[in-house]
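Novice: Pasting a structure here, questions to come.
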Amino acid sequence: MPTNNQPVLFVADPIDIPQPENSRGIVSIFVAVMGLVALGGYGVYKLKMGGGGQSKSTEKEKNDESRCLNLKKLMEEKLRELTDVRGQMESKLKEKAREEIREALAGTPAAKALALVERAEKEYARLEQLYNTCMIEFQTKKRLFLVHGWDGAPEDAWFPWLKRELEGGGFHVEAPAMPNPEWPKIEAWVSHLARVVGEVDEHTFFVGHSIGCQAIMRYIESLPKDKKVGGVVFVAGFFTLMNLENDEAKEIARPWLETPIDFEKVRRHTQKFFALFSDDDGDVPVGNKELFAERLGADTLMEHAKGHFSKGDGVTEIPVVLEQILKFAE
């Protein structure tokens, strides 16, 4: 028995508690399952937080962008207003200054000089307005170029008639004299036509006769890719010839017959072609009708007994040519 009232510690004998044989395996499985649950919950939490954050961020960016665009729009409106007000102010200041100058110069010789200056300014403004109007009308006016044939001239056959008819219909018509017509050369004719025509557009039209048709095709072939023309009428045009009289004629014709034309390039600039032929043309075989249709996609017509459509054949008017040009220009 203990003495001196000291506390006594009783120690029980250890008790053996039986453990299941696979307790460690169960504990491991339990820990793994709880870990997966925890990770899954954390992943869901991150997805929710991440998605919400991105949505809020995108919405904020859109709001900021919209606010900036609104500010830019307001700035542009204010700039227009400022420019207008500034212009009005400058105009009033100039007019006021002019009035003060008039008053200061009244009754002096300088007043007459000022009056002359003001009169000249008004006349200049009037002429400037007329010029601008003229340029607008000219730029939109339909232009047509008549290209004569081998050994031909601008006054030949039906050219004067067609020129009058088209000019009466509002066209600006030019019939240039082509260089050295008795011995026409491709380069000389194409370059001359380019100088005469200048800038082309869809209001620019061409009518060619005989070798003039070749010159027009080769000129159009040389145009930049982005250029367009309104349409072309060919009269007695050719890719083949017959009855060349002598060696000189053959030598003149050879380059025109043998130098290739890129018809795809020609068609790139317009799809409007019309080719006219005669069934008794002594120079142009009737087979050219099919060649123009095949190579250019041209509409074609074979007239009866018109020869080479020259003055010697008695042809001074060709109504179908006028009709086709007016049709192209619609």
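Residue numbering restarts at 1 in every chain; chains get A, B, ... in the order shown in the structure tokens, and ligands count up from 1 in that same order.
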Using DSSP secondary structure from the backbone, list all strand (DSSP E) positions within stretch 120-265 of chain A, as a VMD selection string.
Specialist: chain A and resid 143 to 147 172 to 174 204 to 209 231 to 235
Novice: Set the distance at 9 Å and use only C-alpha atoms: which residues neighbour A:Leu166 once local chain neighbours fewer than 4 positions away are removed? I'd like the list as a list of chain:residue names.
Specialist: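 What passes the distance filter is A:Leu144, A:Trp161, A:Leu162, A:Gly170, A:Phe171, A:His172, A:Val173, A:Leu322, A:Ile325, A:Leu326.
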Novice: Those residues with all heavy atoms, as a PDB file, in the first residue's frame please?
Specialist:
```
ATOM      1  N   LEU A 144     -15.862  56.676-129.088  1.00  0.00           N
ATOM      2  CA  LEU A 144     -15.706  55.618-130.081  1.00  0.00           C
ATOM      3  C   LEU A 144     -14.559  55.965-131.024  1.00  0.00           C
ATOM      4  O   LEU A 144     -14.415  57.119-131.439  1.00  0.00           O
ATOM      5  CB  LEU A 144     -16.987  55.415-130.881  1.00  0.00           C
ATOM      6  CG  LEU A 144     -16.896  54.259-131.893  1.00  0.00           C
ATOM      7  CD1 LEU A 144     -18.109  53.355-131.811  1.00  0.00           C
ATOM      8  CD2 LEU A 144     -16.725  54.792-133.318  1.00  0.00           C
ATOM      9  N   TRP A 161     -20.344  58.790-142.377  1.00  0.00           N
ATOM     10  CA  TRP A 161     -21.750  58.578-142.005  1.00  0.00           C
ATOM     11  C   TRP A 161     -21.870  58.086-140.564  1.00  0.00           C
ATOM     12  O   TRP A 161     -22.663  58.620-139.774  1.00  0.00           O
ATOM     13  CB  TRP A 161     -22.384  57.555-142.960  1.00  0.00           C
ATOM     14  CG  TRP A 161     -23.692  57.026-142.450  1.00  0.00           C
ATOM     15  CD1 TRP A 161     -24.912  57.626-142.554  1.00  0.00           C
ATOM     16  CD2 TRP A 161     -23.903  55.811-141.720  1.00  0.00           C
ATOM     17  NE1 TRP A 161     -25.874  56.865-141.941  1.00  0.00           N
ATOM     18  CE2 TRP A 161     -25.276  55.737-141.414  1.00  0.00           C
ATOM     19  CE3 TRP A 161     -23.069  54.778-141.302  1.00  0.00           C
ATOM     20  CZ2 TRP A 161     -25.832  54.676-140.718  1.00  0.00           C
ATOM     21  CZ3 TRP A 161     -23.615  53.718-140.597  1.00  0.00           C
ATOM     22  CH2 TRP A 161     -24.981  53.672-140.311  1.00  0.00           C
ATOM     23  N   LEU A 162     -21.080  57.076-140.202  1.00  0.00           N
ATOM     24  CA  LEU A 162     -21.159  56.520-138.846  1.00  0.00           C
ATOM     25  C   LEU A 162     -20.744  57.564-137.812  1.00  0.00           C
ATOM     26  O   LEU A 162     -21.358  57.661-136.736  1.00  0.00           O
ATOM     27  CB  LEU A 162     -20.268  55.279-138.740  1.00  0.00           C
ATOM     28  CG  LEU A 162     -20.310  54.543-137.395  1.00  0.00           C
ATOM     29  CD1 LEU A 162     -21.717  54.041-137.090  1.00  0.00           C
ATOM     30  CD2 LEU A 162     -19.315  53.377-137.379  1.00  0.00           C
ATOM     31  N   GLY A 170     -24.650  61.596-129.067  1.00  0.00           N
ATOM     32  CA  GLY A 170     -23.926  61.950-127.846  1.00  0.00           C
ATOM     33  C   GLY A 170     -22.558  61.323-127.691  1.00  0.00           C
ATOM     34  O   GLY A 170     -21.905  61.508-126.662  1.00  0.00           O
ATOM     35  N   PHE A 171     -22.088  60.599-128.702  1.00  0.00           N
ATOM     36  CA  PHE A 171     -20.755  60.006-128.636  1.00  0.00           C
ATOM     37  C   PHE A 171     -19.689  61.030-129.027  1.00  0.00           C
ATOM     38  O   PHE A 171     -19.939  61.920-129.842  1.00  0.00           O
ATOM     39  CB  PHE A 171     -20.639  58.822-129.604  1.00  0.00           C
ATOM     40  CG  PHE A 171     -21.251  57.544-129.112  1.00  0.00           C
ATOM     41  CD1 PHE A 171     -22.629  57.369-129.130  1.00  0.00           C
ATOM     42  CD2 PHE A 171     -20.456  56.508-128.648  1.00  0.00           C
ATOM     43  CE1 PHE A 171     -23.202  56.189-128.699  1.00  0.00           C
ATOM     44  CE2 PHE A 171     -21.013  55.324-128.218  1.00  0.00           C
ATOM     45  CZ  PHE A 171     -22.393  55.163-128.236  1.00  0.00           C
ATOM     46  N   HIS A 172     -18.515  60.851-128.449  1.00  0.00           N
ATOM     47  CA  HIS A 172     -17.328  61.553-128.931  1.00  0.00           C
ATOM     48  C   HIS A 172     -16.605  60.574-129.856  1.00  0.00           C
ATOM     49  O   HIS A 172     -16.161  59.507-129.415  1.00  0.00           O
ATOM     50  CB  HIS A 172     -16.422  61.952-127.765  1.00  0.00           C
ATOM     51  CG  HIS A 172     -15.112  62.531-128.205  1.00  0.00           C
ATOM     52  ND1 HIS A 172     -14.978  63.830-128.630  1.00  0.00           N
ATOM     53  CD2 HIS A 172     -13.876  61.968-128.299  1.00  0.00           C
ATOM     54  CE1 HIS A 172     -13.718  64.054-128.964  1.00  0.00           C
ATOM     55  NE2 HIS A 172     -13.031  62.939-128.776  1.00  0.00           N
ATOM     56  N   VAL A 173     -16.497  60.917-131.139  1.00  0.00           N
ATOM     57  CA  VAL A 173     -15.972  59.980-132.137  1.00  0.00           C
ATOM     58  C   VAL A 173     -14.665  60.505-132.718  1.00  0.00           C
ATOM     59  O   VAL A 173     -14.566  61.675-133.094  1.00  0.00           O
ATOM     60  CB  VAL A 173     -16.991  59.753-133.277  1.00  0.00           C
ATOM     61  CG1 VAL A 173     -16.439  58.747-134.292  1.00  0.00           C
ATOM     62  CG2 VAL A 173     -18.320  59.265-132.712  1.00  0.00           C
ATOM     63  N   LEU A 322     -24.082  50.570-136.625  1.00  0.00           N
ATOM     64  CA  LEU A 322     -24.633  51.579-135.714  1.00  0.00           C
ATOM     65  C   LEU A 322     -25.510  50.918-134.652  1.00  0.00           C
ATOM     66  O   LEU A 322     -25.410  51.236-133.457  1.00  0.00           O
ATOM     67  CB  LEU A 322     -25.440  52.602-136.509  1.00  0.00           C
ATOM     68  CG  LEU A 322     -26.167  53.679-135.697  1.00  0.00           C
ATOM     69  CD1 LEU A 322     -25.175  54.526-134.914  1.00  0.00           C
ATOM     70  CD2 LEU A 322     -27.020  54.553-136.621  1.00  0.00           C
ATOM     71  N   ILE A 325     -23.326  49.134-131.955  1.00  0.00           N
ATOM     72  CA  ILE A 325     -22.655  50.059-131.031  1.00  0.00           C
ATOM     73  C   ILE A 325     -23.654  50.611-130.017  1.00  0.00           C
ATOM     74  O   ILE A 325     -23.372  50.673-128.806  1.00  0.00           O
ATOM     75  CB  ILE A 325     -21.973  51.204-131.804  1.00  0.00           C
ATOM     76  CG1 ILE A 325     -20.760  50.671-132.563  1.00  0.00           C
ATOM     77  CG2 ILE A 325     -21.550  52.324-130.859  1.00  0.00           C
ATOM     78  CD1 ILE A 325     -19.658  50.117-131.682  1.00  0.00           C
ATOM     79  N   LEU A 326     -24.816  51.007-130.488  1.00  0.00           N
ATOM     80  CA  LEU A 326     -25.834  51.526-129.572  1.00  0.00           C
ATOM     81  C   LEU A 326     -26.280  50.445-128.587  1.00  0.00           C
ATOM     82  O   LEU A 326     -26.540  50.730-127.408  1.00  0.00           O
ATOM     83  CB  LEU A 326     -27.035  52.051-130.364  1.00  0.00           C
ATOM     84  CG  LEU A 326     -26.754  53.269-131.259  1.00  0.00           C
ATOM     85  CD1 LEU A 326     -28.002  53.650-132.044  1.00  0.00           C
ATOM     86  CD2 LEU A 326     -26.257  54.454-130.436  1.00  0.00           C
TER      87      LEU A 326
END
```
Novice: Please identify the helix (DSSP H, G or I) residues within stretch 122-171 of chain A (assignment by DSSP from backbone atoms) and present them as a VMD selection string.
Specialist: chain A and resid 122 to 140 159 to 168
Novice: Keeping only N, CA, C and O atoms, take the residues you just selected and write them out as a compact mmCIF listing (two decimals), in the first residue's frame.
Specialist:
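Generated file (result_23.txt):
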```
# COMPACT_ATOMS: atom_id res chain seq x y z
N LYS A 122 -14.77 86.26 -108.90
CA LYS A 122 -16.07 85.68 -109.23
C LYS A 122 -16.04 84.97 -110.59
O LYS A 122 -16.60 83.89 -110.76
N GLU A 123 -15.36 85.58 -111.54
CA GLU A 123 -15.26 84.97 -112.87
C GLU A 123 -14.46 83.67 -112.81
O GLU A 123 -14.80 82.67 -113.46
N TYR A 124 -13.40 83.68 -112.01
CA TYR A 124 -12.59 82.47 -111.85
C TYR A 124 -13.43 81.34 -111.23
O TYR A 124 -13.37 80.19 -111.66
N ALA A 125 -14.21 81.69 -110.20
CA ALA A 125 -15.05 80.68 -109.54
C ALA A 125 -16.08 80.11 -110.52
O ALA A 125 -16.36 78.91 -110.53
N ARG A 126 -16.62 80.99 -111.38
CA ARG A 126 -17.60 80.53 -112.38
C ARG A 126 -16.94 79.57 -113.37
O ARG A 126 -17.49 78.51 -113.70
N LEU A 127 -15.75 79.94 -113.86
CA LEU A 127 -15.04 79.10 -114.82
C LEU A 127 -14.62 77.77 -114.19
O LEU A 127 -14.66 76.72 -114.85
N GLU A 128 -14.23 77.81 -112.93
CA GLU A 128 -13.83 76.58 -112.24
C GLU A 128 -15.01 75.61 -112.14
O GLU A 128 -14.87 74.40 -112.36
N GLN A 129 -16.18 76.16 -111.85
CA GLN A 129 -17.38 75.32 -111.77
C GLN A 129 -17.72 74.72 -113.13
O GLN A 129 -18.06 73.54 -113.23
N LEU A 130 -17.61 75.54 -114.17
CA LEU A 130 -17.88 75.04 -115.52
C LEU A 130 -16.89 73.95 -115.91
O LEU A 130 -17.25 72.94 -116.53
N TYR A 131 -15.62 74.16 -115.54
CA TYR A 131 -14.59 73.17 -115.86
C TYR A 131 -14.87 71.84 -115.16
O TYR A 131 -14.79 70.77 -115.78
N ASN A 132 -15.20 71.91 -113.88
CA ASN A 132 -15.48 70.68 -113.13
C ASN A 132 -16.68 69.94 -113.73
O ASN A 132 -16.67 68.71 -113.85
N THR A 133 -17.71 70.70 -114.11
CA THR A 133 -18.88 70.08 -114.73
C THR A 133 -18.50 69.44 -116.06
O THR A 133 -18.92 68.32 -116.38
N CYS A 134 -17.67 70.15 -116.83
CA CYS A 134 -17.24 69.64 -118.13
C CYS A 134 -16.45 68.35 -117.98
O CYS A 134 -16.64 67.39 -118.74
N MET A 135 -15.55 68.30 -116.99
CA MET A 135 -14.73 67.11 -116.79
C MET A 135 -15.58 65.91 -116.39
O MET A 135 -15.35 64.79 -116.84
N ILE A 136 -16.58 66.15 -115.56
CA ILE A 136 -17.46 65.06 -115.15
C ILE A 136 -18.21 64.51 -116.36
O ILE A 136 -18.32 63.29 -116.56
N GLU A 137 -18.72 65.42 -117.19
CA GLU A 137 -19.45 64.99 -118.39
C GLU A 137 -18.53 64.26 -119.36
O GLU A 137 -18.90 63.25 -119.96
N PHE A 138 -17.30 64.76 -119.51
CA PHE A 138 -16.36 64.14 -120.46
C PHE A 138 -15.96 62.75 -120.00
O PHE A 138 -15.86 61.82 -120.79
N GLN A 139 -15.73 62.61 -118.69
CA GLN A 139 -15.29 61.32 -118.17
C GLN A 139 -16.36 60.26 -118.31
O GLN A 139 -16.06 59.07 -118.42
N THR A 140 -17.62 60.65 -118.30
CA THR A 140 -18.70 59.68 -118.43
C THR A 140 -19.23 59.60 -119.86
O THR A 140 -20.11 58.79 -120.14
N PHE A 159 -17.31 55.63 -143.01
CA PHE A 159 -16.81 56.25 -141.78
C PHE A 159 -17.47 57.60 -141.49
O PHE A 159 -17.92 57.84 -140.36
N PRO A 160 -17.53 58.53 -142.46
CA PRO A 160 -18.16 59.83 -142.16
C PRO A 160 -19.62 59.69 -141.73
O PRO A 160 -20.07 60.40 -140.82
N TRP A 161 -20.34 58.79 -142.38
CA TRP A 161 -21.75 58.58 -142.01
C TRP A 161 -21.87 58.09 -140.56
O TRP A 161 -22.66 58.62 -139.77
N LEU A 162 -21.08 57.08 -140.20
CA LEU A 162 -21.16 56.52 -138.85
C LEU A 162 -20.74 57.56 -137.81
O LEU A 162 -21.36 57.66 -136.74
N LYS A 163 -19.74 58.35 -138.13
CA LYS A 163 -19.28 59.40 -137.20
C LYS A 163 -20.41 60.40 -136.93
O LYS A 163 -20.67 60.76 -135.77
N ARG A 164 -21.08 60.84 -137.99
CA ARG A 164 -22.19 61.80 -137.81
C ARG A 164 -23.30 61.20 -136.97
O ARG A 164 -23.85 61.86 -136.07
N GLU A 165 -23.65 59.96 -137.26
CA GLU A 165 -24.76 59.32 -136.54
C GLU A 165 -24.45 59.19 -135.04
O GLU A 165 -25.30 59.47 -134.19
N LEU A 166 -23.25 58.77 -134.74
CA LEU A 166 -22.89 58.56 -133.34
C LEU A 166 -22.73 59.89 -132.59
O LEU A 166 -23.13 60.01 -131.43
N GLU A 167 -22.15 60.87 -133.24
CA GLU A 167 -22.02 62.18 -132.60
C GLU A 167 -23.39 62.78 -132.33
O GLU A 167 -23.59 63.45 -131.30
N GLY A 168 -24.33 62.53 -133.23
CA GLY A 168 -25.69 62.99 -133.00
C GLY A 168 -26.34 62.29 -131.81
O GLY A 168 -27.26 62.83 -131.19
```
Novice: Using only C-alpha atoms, determine which residues lie at most 8 Å from stretch 227-240 of chain A, disregarding the query and same-chain residues fewer than 6 positions distant; provide the list as a PyMOL selection string.
Specialist: chain A and resi 200-214+257+268-278+284-285+288+291+308-309+321+324-325+328-329
Novice: Atom CA of A:Pro154 and atom CA of A:Pro176, how far apart in Å?
Specialist: 6.3 Å
Novice: Grab the atom CA of A:Gly282 to atom CA of A:Val266 distance for me, in Å with one decimal place.
Specialist: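 Pair atom CA of A:Gly282 / atom CA of A:Val266 returns 27.5 Å.
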Novice: Determine, counting only C-alpha atoms, which protein, DNA and RNA residues have an atom within 12 Å of an atom of stretch 185-192 of chain A; residues of the same chain fewer than 6 positions away are not included. Present the result as a ChimeraX atom specification.
Specialist: /A:147-151,176-179,198,211-223,251-261
Novice: Which one is closest to A:Trp158: A:Leu244, A:Leu301, A:Met75, A:Val315? Count only C-alpha atoms.
Specialist: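 Answer, going by the shortest atom-to-atom distance: A:Val315.
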Novice: What gap, in Å, lies between atom CA of A:Ala113 and atom CA of A:Glu99?
Specialist: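 Answer for the atom CA of A:Ala113 to atom CA of A:Glu99 separation: 14.6 Å.
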Novice: Which residue gives the smallest distance to A:Trp183 among A:Glu248, A:Asp226, A:Glu199, A:Asp156, with only C-alpha atoms counted?
Specialist: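 The closest residue to A:Trp183 is A:Glu248.
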